[in-house]
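Here is the file query08.cif (mmCIF, C-alpha atoms).
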data_start
#
loop_
_atom_site.group_PDB
_atom_site.id
_atom_site.type_symbol
_atom_site.label_atom_id
_atom_site.label_comp_id
_atom_site.auth_asym_id
_atom_site.auth_seq_id
_atom_site.Cartn_x
_atom_site.Cartn_y
_atom_site.Cartn_z
ATOM 1 C CA MET A 1 72.243 90.317 83.255
ATOM 2 C CA VAL A 2 73.599 92.124 80.254
ATOM 3 C CA ALA A 3 71.051 90.364 78.082
ATOM 4 C CA VAL A 4 68.211 91.397 80.422
ATOM 5 C CA GLY A 5 69.399 94.997 80.370
ATOM 6 C CA LYS A 6 69.408 95.018 76.595
ATOM 7 C CA SER A 7 65.955 93.441 76.513
ATOM 8 C CA GLU A 8 64.535 96.062 78.888
ATOM 9 C CA GLY A 9 66.114 98.835 76.882
ATOM 10 C CA THR A 10 64.655 97.471 73.683
ATOM 11 C CA TRP A 11 61.238 97.053 75.281
ATOM 12 C CA TRP A 12 61.135 100.704 76.342
ATOM 13 C CA SER A 13 62.720 102.265 73.283
ATOM 14 C CA ALA A 14 59.929 101.326 70.874
ATOM 15 C CA PRO A 15 57.075 102.898 72.927
ATOM 16 C CA ARG A 16 59.220 105.951 73.610
ATOM 17 C CA VAL A 17 59.867 106.456 69.913
ATOM 18 C CA ALA A 18 56.166 105.987 69.190
ATOM 19 C CA VAL A 19 55.119 108.508 71.860
ATOM 20 C CA THR A 20 57.700 111.034 70.649
ATOM 21 C CA GLY A 21 56.427 110.611 67.101
ATOM 22 C CA LEU A 22 52.824 111.154 68.152
ATOM 23 C CA LEU A 23 53.708 114.272 70.150
ATOM 24 C CA THR A 24 55.741 115.679 67.261
ATOM 25 C CA LYS A 25 52.898 115.027 64.829
ATOM 26 C CA ALA A 26 50.397 116.680 67.182
ATOM 27 C CA ALA A 27 52.657 119.714 67.667
ATOM 28 C CA TRP A 28 53.090 120.053 63.894
ATOM 29 C CA ALA A 29 49.315 119.853 63.347
ATOM 30 C CA TRP A 30 48.813 122.449 66.101
ATOM 31 C CA ALA A 31 51.426 125.053 65.213
ATOM 32 C CA GLY A 32 53.646 123.868 62.360
ATOM 33 C CA VAL A 33 51.313 123.412 59.408
ATOM 34 C CA PRO A 34 47.879 123.524 61.101
ATOM 35 C CA SER A 35 45.686 120.606 60.059
ATOM 36 C CA GLY A 36 42.896 118.466 61.438
ATOM 37 C CA PRO A 37 40.947 119.331 64.621
ATOM 38 C CA LEU A 38 44.041 120.604 66.456
ATOM 39 C CA GLY A 39 44.952 122.861 63.552
ATOM 40 C CA TRP A 40 41.385 124.159 63.314
ATOM 41 C CA VAL A 41 41.392 125.248 66.975
ATOM 42 C CA SER A 42 44.886 126.717 66.709
ATOM 43 C CA SER A 43 44.119 128.639 63.511
ATOM 44 C CA HIS A 44 40.786 130.014 64.682
ATOM 45 C CA TRP A 45 41.628 130.930 68.262
ATOM 46 C CA VAL A 46 45.173 130.455 69.492
ATOM 47 C CA MET A 47 47.535 131.776 66.803
ATOM 48 C CA PRO A 48 45.648 135.026 66.058
ATOM 49 C CA ARG A 49 45.632 135.938 69.740
ATOM 50 C CA PHE A 50 49.216 134.888 70.369
ATOM 51 C CA HIS A 51 50.668 136.723 67.365
ATOM 52 C CA ALA A 52 48.462 139.797 67.789
ATOM 53 C CA ARG A 53 50.806 141.042 70.516
ATOM 54 C CA ILE A 54 53.695 141.430 68.080
ATOM 55 C CA TYR A 55 51.763 142.738 65.032
ATOM 56 C CA PRO A 56 52.002 146.435 66.044
ATOM 57 C CA VAL A 57 55.764 146.065 66.561
ATOM 58 C CA LEU A 58 56.184 144.446 63.148
ATOM 59 C CA ALA A 59 54.083 147.164 61.496
ATOM 60 C CA ARG A 60 56.333 149.880 62.934
ATOM 61 C CA GLU A 61 59.469 148.068 61.781
ATOM 62 C CA LEU A 62 58.131 147.684 58.227
ATOM 63 C CA LYS A 63 57.481 151.439 57.860
ATOM 64 C CA LEU A 64 54.844 150.793 55.214
ATOM 65 C CA ARG A 65 53.974 153.415 52.590
ATOM 66 C CA PRO A 66 50.828 153.894 50.477
ATOM 67 C CA GLU A 67 52.662 152.815 47.302
ATOM 68 C CA ASP A 68 54.031 149.572 48.786
ATOM 69 C CA ASP A 69 53.245 146.088 47.519
ATOM 70 C CA LEU A 70 53.591 143.854 50.582
ATOM 71 C CA LEU A 71 54.180 140.092 50.729
ATOM 72 C CA GLU A 72 53.851 138.099 53.939
ATOM 73 C CA VAL A 73 55.159 134.534 53.796
ATOM 74 C CA ALA A 74 53.601 132.159 56.343
ATOM 75 C CA CYS A 75 50.720 134.624 56.617
ATOM 76 C CA GLY A 76 48.527 132.325 58.704
ATOM 77 C CA SER A 77 44.893 133.350 58.801
ATOM 78 C CA GLY A 78 45.672 136.799 57.362
ATOM 79 C CA VAL A 79 45.192 138.892 60.502
ATOM 80 C CA PHE A 80 48.289 141.033 59.923
ATOM 81 C CA LEU A 81 47.558 141.492 56.216
ATOM 82 C CA ALA A 82 43.972 142.522 57.007
ATOM 83 C CA ASP A 83 45.295 145.145 59.432
ATOM 84 C CA GLN A 84 47.755 146.566 56.897
ATOM 85 C CA ALA A 85 45.765 146.293 53.652
ATOM 86 C CA GLN A 86 44.469 149.846 53.923
ATOM 87 C CA GLN A 87 47.973 151.221 54.443
ATOM 88 C CA VAL A 88 49.475 149.973 51.160
ATOM 89 C CA HIS A 89 48.751 149.592 47.457
ATOM 90 C CA ARG A 90 48.493 145.784 47.437
ATOM 91 C CA VAL A 91 49.123 142.824 49.741
ATOM 92 C CA ALA A 92 49.770 139.139 49.123
ATOM 93 C CA GLY A 93 50.108 136.227 51.491
ATOM 94 C CA LEU A 94 51.258 132.630 51.245
ATOM 95 C CA ASP A 95 50.828 129.766 53.694
ATOM 96 C CA LEU A 96 51.260 125.999 53.510
ATOM 97 C CA SER A 97 48.207 125.241 55.636
ATOM 98 C CA GLY A 98 44.896 124.856 53.828
ATOM 99 C CA ILE A 99 43.019 125.766 57.015
ATOM 100 C CA GLN A 100 44.950 129.018 57.362
ATOM 101 C CA VAL A 101 44.591 129.937 53.700
ATOM 102 C CA ASP A 102 40.830 129.387 53.812
ATOM 103 C CA LEU A 103 40.527 131.638 56.872
ATOM 104 C CA ALA A 104 42.701 134.334 55.286
ATOM 105 C CA ARG A 105 40.648 134.311 52.089
ATOM 106 C CA ARG A 106 37.436 134.671 54.042
ATOM 107 C CA ARG A 107 38.876 137.435 56.200
ATOM 108 C CA LEU A 108 40.024 139.387 53.126
ATOM 109 C CA ALA A 109 37.229 138.406 50.737
ATOM 110 C CA ASP A 110 36.168 141.965 49.884
ATOM 111 C CA ARG A 111 39.699 143.047 49.011
ATOM 112 C CA ILE A 112 40.355 139.866 47.063
ATOM 113 C CA ALA A 113 37.245 140.635 45.010
ATOM 114 C CA ALA A 114 38.557 144.164 44.460
ATOM 115 C CA GLY A 115 41.872 142.814 43.180
ATOM 116 C CA THR A 116 44.071 144.357 45.889
ATOM 117 C CA VAL A 117 44.766 141.141 47.842
ATOM 118 C CA GLU A 118 46.038 137.705 46.808
ATOM 119 C CA ILE A 119 46.198 134.719 49.169
ATOM 120 C CA VAL A 120 47.974 131.583 47.945
ATOM 121 C CA GLN A 121 48.514 128.128 49.391
ATOM 122 C CA GLY A 122 52.055 127.076 48.656
ATOM 123 C CA ASP A 123 55.646 126.390 49.655
ATOM 124 C CA ALA A 124 57.795 129.272 50.930
ATOM 125 C CA ALA A 125 60.773 127.721 49.152
ATOM 126 C CA ALA A 126 59.030 127.994 45.757
ATOM 127 C CA LEU A 127 57.108 131.268 45.632
ATOM 128 C CA PRO A 128 54.648 131.556 42.724
ATOM 129 C CA TRP A 129 55.368 135.210 41.883
ATOM 130 C CA HIS A 130 57.625 136.720 39.237
ATOM 131 C CA ASP A 131 60.947 138.357 40.027
ATOM 132 C CA ASP A 132 60.847 141.934 41.383
ATOM 133 C CA THR A 133 57.141 141.827 42.296
ATOM 134 C CA PHE A 134 57.094 143.341 45.805
ATOM 135 C CA SER A 135 58.556 146.402 47.487
ATOM 136 C CA VAL A 136 58.351 144.862 50.993
ATOM 137 C CA VAL A 137 58.548 141.256 52.208
ATOM 138 C CA THR A 138 58.091 139.897 55.703
ATOM 139 C CA CYS A 139 57.773 136.627 57.578
ATOM 140 C CA MET A 140 57.100 136.070 61.261
ATOM 141 C CA GLY A 141 57.265 133.058 63.545
ATOM 142 C CA SER A 142 58.043 130.449 60.903
ATOM 143 C CA PHE A 143 61.688 130.541 59.813
ATOM 144 C CA GLU A 144 62.728 128.166 62.580
ATOM 145 C CA ALA A 145 60.529 125.441 61.089
ATOM 146 C CA PHE A 146 61.546 125.825 57.435
ATOM 147 C CA PRO A 147 63.507 122.717 56.368
ATOM 148 C CA GLU A 148 65.571 124.808 53.926
ATOM 149 C CA PRO A 149 65.674 128.385 55.248
ATOM 150 C CA GLU A 150 68.349 129.407 52.734
ATOM 151 C CA ARG A 151 66.020 128.536 49.850
ATOM 152 C CA VAL A 152 63.212 130.537 51.445
ATOM 153 C CA LEU A 153 65.501 133.546 51.795
ATOM 154 C CA ALA A 154 66.599 133.212 48.175
ATOM 155 C CA GLU A 155 62.965 133.192 47.077
ATOM 156 C CA LEU A 156 62.079 136.219 49.205
ATOM 157 C CA VAL A 157 64.976 138.168 47.707
ATOM 158 C CA ARG A 158 64.048 137.030 44.186
ATOM 159 C CA VAL A 159 60.511 138.456 44.398
ATOM 160 C CA LEU A 160 61.716 141.638 46.109
ATOM 161 C CA ARG A 161 62.409 144.620 43.859
ATOM 162 C CA PRO A 162 65.875 146.204 43.802
ATOM 163 C CA GLY A 163 65.983 148.584 46.750
ATOM 164 C CA GLY A 164 63.052 146.758 48.358
ATOM 165 C CA ARG A 165 62.854 146.198 52.096
ATOM 166 C CA ALA A 166 62.774 142.962 54.083
ATOM 167 C CA VAL A 167 61.886 142.647 57.756
ATOM 168 C CA LEU A 168 62.086 139.017 58.839
ATOM 169 C CA ASN A 169 61.676 137.330 62.211
ATOM 170 C CA ILE A 170 64.470 134.754 62.168
ATOM 171 C CA GLY A 171 64.592 133.054 65.534
ATOM 172 C CA GLU A 172 65.102 134.575 68.962
ATOM 173 C CA ARG A 173 67.881 136.077 71.036
ATOM 174 C CA VAL A 174 70.248 133.331 72.185
ATOM 175 C CA PRO A 175 72.961 133.352 74.860
ATOM 176 C CA PRO A 176 76.462 134.382 73.740
ATOM 177 C CA GLY A 177 78.422 131.465 72.378
ATOM 178 C CA THR A 178 75.383 129.550 71.156
ATOM 179 C CA GLN A 179 76.162 127.524 68.051
ATOM 180 C CA THR A 180 73.603 127.100 65.279
ATOM 181 C CA HIS A 181 71.804 123.785 65.686
ATOM 182 C CA GLN A 182 68.441 122.054 65.381
ATOM 183 C CA VAL A 183 66.155 120.992 68.215
ATOM 184 C CA LEU A 184 64.339 117.668 67.767
ATOM 185 C CA GLY A 185 65.878 117.510 64.331
ATOM 186 C CA ALA A 186 63.413 120.069 62.988
ATOM 187 C CA ILE A 187 63.549 123.474 64.731
ATOM 188 C CA TRP A 188 66.451 125.790 63.920
ATOM 189 C CA VAL A 189 68.308 127.783 66.568
ATOM 190 C CA TRP A 190 70.713 130.300 65.026
ATOM 191 C CA SER A 191 73.580 132.386 66.273
ATOM 192 C CA GLU A 192 73.376 136.031 65.277
ATOM 193 C CA ASP A 193 76.538 135.776 63.158
ATOM 194 C CA ASP A 194 75.117 132.859 61.187
ATOM 195 C CA VAL A 195 71.852 134.698 60.555
ATOM 196 C CA ARG A 196 73.739 137.726 59.266
ATOM 197 C CA HIS A 197 75.844 135.559 56.959
ATOM 198 C CA MET A 198 72.766 133.689 55.707
ATOM 199 C CA VAL A 199 70.782 136.801 54.761
ATOM 200 C CA GLU A 200 73.780 138.523 53.182
ATOM 201 C CA GLN A 201 74.481 135.411 51.111
ATOM 202 C CA ALA A 202 70.851 135.545 49.931
ATOM 203 C CA GLY A 203 71.407 139.048 48.540
ATOM 204 C CA LEU A 204 70.336 141.474 51.271
ATOM 205 C CA SER A 205 72.545 144.430 52.156
ATOM 206 C CA ASP A 206 72.631 146.981 54.984
ATOM 207 C CA VAL A 207 71.621 144.135 57.302
ATOM 208 C CA GLN A 208 70.610 145.223 60.788
ATOM 209 C CA MET A 209 69.129 143.319 63.700
ATOM 210 C CA SER A 210 66.855 144.341 66.516
ATOM 211 C CA TYR A 211 64.992 142.446 69.201
ATOM 212 C CA ALA A 212 61.377 142.724 70.265
ATOM 213 C CA SER A 213 59.632 141.196 73.239
ATOM 214 C CA SER A 214 57.223 138.385 72.409
ATOM 215 C CA SER A 215 54.779 140.309 74.610
ATOM 216 C CA GLY A 216 54.742 143.063 72.004
ATOM 217 C CA ASP A 217 53.398 146.320 73.417
ATOM 218 C CA SER A 218 51.489 144.608 76.212
ATOM 219 C CA ARG A 219 52.944 145.763 79.521
ATOM 220 C CA LEU A 220 50.421 143.639 81.385
ATOM 221 C CA ILE A 221 51.572 140.416 79.695
ATOM 222 C CA ALA A 222 55.234 141.328 80.145
ATOM 223 C CA MET A 223 54.638 141.996 83.848
ATOM 224 C CA ALA A 224 52.759 138.725 84.262
ATOM 225 C CA ASN A 225 55.643 136.856 82.635
ATOM 226 C CA ARG A 226 58.146 138.438 85.011
ATOM 227 C CA ILE A 227 56.005 137.701 88.054
ATOM 228 C CA ALA A 228 55.574 134.098 86.985
ATOM 229 C CA SER A 229 59.311 133.887 86.205
ATOM 230 C CA THR A 230 58.524 132.424 82.806
ATOM 231 C CA PHE A 231 60.829 132.765 79.819
ATOM 232 C CA GLU A 232 59.863 135.708 77.701
ATOM 233 C CA ALA A 233 61.401 135.328 74.280
ATOM 234 C CA GLU A 234 63.015 138.233 72.482
ATOM 235 C CA LEU A 235 62.248 137.849 68.803
ATOM 236 C CA ARG A 236 65.093 138.571 66.404
ATOM 237 C CA LEU A 237 64.002 140.986 63.667
ATOM 238 C CA VAL A 238 66.336 141.121 60.673
ATOM 239 C CA HIS A 239 66.229 144.185 58.414
ATOM 240 C CA GLY A 240 67.769 144.321 54.982
ATOM 241 C CA LEU A 241 67.603 145.875 51.520
ATOM 242 C CA ARG A 242 67.797 144.107 48.206
ATOM 243 C CA THR A 243 70.893 145.214 46.338
#

Re-express the file's structure as structure tokens.
Amino acid sequence: MVAVGKSEGTWWSAPRVAVTGLLTKAAWAWAGVPSGPLGWVSSHWVMPRFHARIYPVLARELKLRPEDDLLEVACGSGVFLADQAQQVHRVAGLDLSGIQVDLARRRLADRIAAGTVEIVQGDAAALPWHDDTFSVVTCMGSFEAFPEPERVLAELVRVLRPGGRAVLNIGERVPPGTQTHQVLGAIWVWSEDDVRHMVEQAGLSDVQMSYASSSGDSRLIAMANRIASTFEAELRLVHGLRT
């Protein structure tokens, strides 16, 4: 009977691993690094609408000025940069997804031609800009999926000018006592203390944290979430200055 039990367990484990792998691959193509048909749909329709709710909140937190040079890492299809391009001197965006980069370049084509916008496909852990290039850096909805978030933070600080400002969405509010860990071996969940230590180690000072509803300014969506008793995430926004 022991042998039968082992045989049944072995029989089921292989399909389960295969199904889990397929689901993980599909999720990554949908929302991690959009690619293929799933990534096309997500990039064109889903992500811009989902993230649009938080863009006004992020804009207020950044406190952008006409003289600012703004970098958004994991810029997606460039919706936020397109909204803010008129408010600042220059904007740049980087994303790993070719689909997203192509959309962002098309969305900002006029400003790219004018030399006030740059959109690059690349790795957030190896930014292609010189030291001290930007006065403001931001990143939203992606830190949890970075394999090496410390390297990404180091790169963001490197390209930020002394005295420059960073506003970064690094995870969500977690219950007290939560320990930093990874879900499915890929998605980071951080305690607030560990986030503070991580960004200070990267070279940011005057670190402050605030939380914003994933519904953004939409009272209707927030109300619908409460009525449906669904989990409404509170996004952790980390503010800091480069020393």

Between atom CA of A:Leu64 and atom CA of A:Gln87, what is the spacing in Å?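 If I compute the distance from atom CA of A:Gln87 to atom CA of A:Leu64, I get 6.9 Å.
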
Please evaluate the PyMOL selection byres ((chain A and resi 177) around 12) against the displayed coordinates and give the resulting residues as a list in words.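 On this input, the PyMOL selection byres ((chain A and resi 177) around 12) captures Arg173, Val174, Pro175, Pro176, Thr178, Gln179, Thr180, Trp190, Ser191, Glu192, Asp193 and Asp194 of chain A.
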
What is the distance, in Å and to one decimal place, between atom CA of A:Asp68 and atom CA of A:Asn169?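 Going from atom CA of A:Asp68 over to atom CA of A:Asn169 covers 19.7 Å.
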
Between A:Val183, A:Ala202, A:Leu108, A:Leu96, which has the minimum distance to A:Leu156 (counting all atoms listed in the file)? A:Ala202

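Among A:Ala154, A:Ile170, A:Ile187, A:Val91, the residue with the shortest atom-to-atom distance to A:Phe134, counting all atoms listed in the file, is A:Val91.
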
At a cut-off of 10 Å, using all atoms listed in the file, what residues contact A:Arg90? Leave out same-chain residues fewer than 6 positions from it and give the result as a PyMOL selection string. chain A and resi 66-71+81+84+111+115-118+134

Write to file, as a PDB file, in the frame of the given file, the residues of the selection just made, with C-alpha atoms.
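As a result, again_11.pdb now contains:
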ATOM      1  CA  PRO A  66      50.828 153.894  50.477  1.00  0.00           C
ATOM      2  CA  GLU A  67      52.662 152.815  47.302  1.00  0.00           C
ATOM      3  CA  ASP A  68      54.031 149.572  48.786  1.00  0.00           C
ATOM      4  CA  ASP A  69      53.245 146.088  47.519  1.00  0.00           C
ATOM      5  CA  LEU A  70      53.591 143.854  50.582  1.00  0.00           C
ATOM      6  CA  LEU A  71      54.180 140.092  50.729  1.00  0.00           C
ATOM      7  CA  LEU A  81      47.558 141.492  56.216  1.00  0.00           C
ATOM      8  CA  GLN A  84      47.755 146.566  56.897  1.00  0.00           C
ATOM      9  CA  ARG A 111      39.699 143.047  49.011  1.00  0.00           C
ATOM     10  CA  GLY A 115      41.872 142.814  43.180  1.00  0.00           C
ATOM     11  CA  THR A 116      44.071 144.357  45.889  1.00  0.00           C
ATOM     12  CA  VAL A 117      44.766 141.141  47.842  1.00  0.00           C
ATOM     13  CA  GLU A 118      46.038 137.705  46.808  1.00  0.00           C
ATOM     14  CA  PHE A 134      57.094 143.341  45.805  1.00  0.00           C
TER      15      PHE A 134
END

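Taken over the shown file, the PyMOL selection byres ((chain A and resi 119) around 10) identifies Leu71, Glu72, Cys75, Ser77, Gly78, Leu81, Val91, Ala92, Gly93, Leu94, Asp95, Val101, Asp102, Ala104, Arg105, Leu108, Ala109, Ile112, Val117, Glu118, Val120, Gln121 and Gly122 of chain A.
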
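Atom CA of A:Arg53 is positioned 16.9 Å from atom CA of A:Ser210.
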
Could you tell me, as a ChimeraX atom specification, exactly which residues end up selected when the PyMOL selection byres ((chain A and resi 199) around 12) is applied to this structure? /A:149-157,166-170,192-198,200-209,237-243

Looking at all atoms listed in the file, which of A:Val73, A:Asp110, A:Val79, A:Ala124 is the one that sits closest to A:Pro56? A:Val79

From A:Arg107, A:Phe146, A:Val137, A:Ala114, residue lying nearest A:Leu58 [all atoms listed in the file]: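 The answer is A:Val137, which sits nearest to A:Leu58.
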
Axis-aligned box over every listed atom of stretch 137-140 of chain A, padded by 3 Å per side: centre and edges in Å to one decimal, as JSON?
{"center_x": 57.8, "center_y": 138.7, "center_z": 56.7, "size_x": 7.4, "size_y": 11.2, "size_z": 15.1}
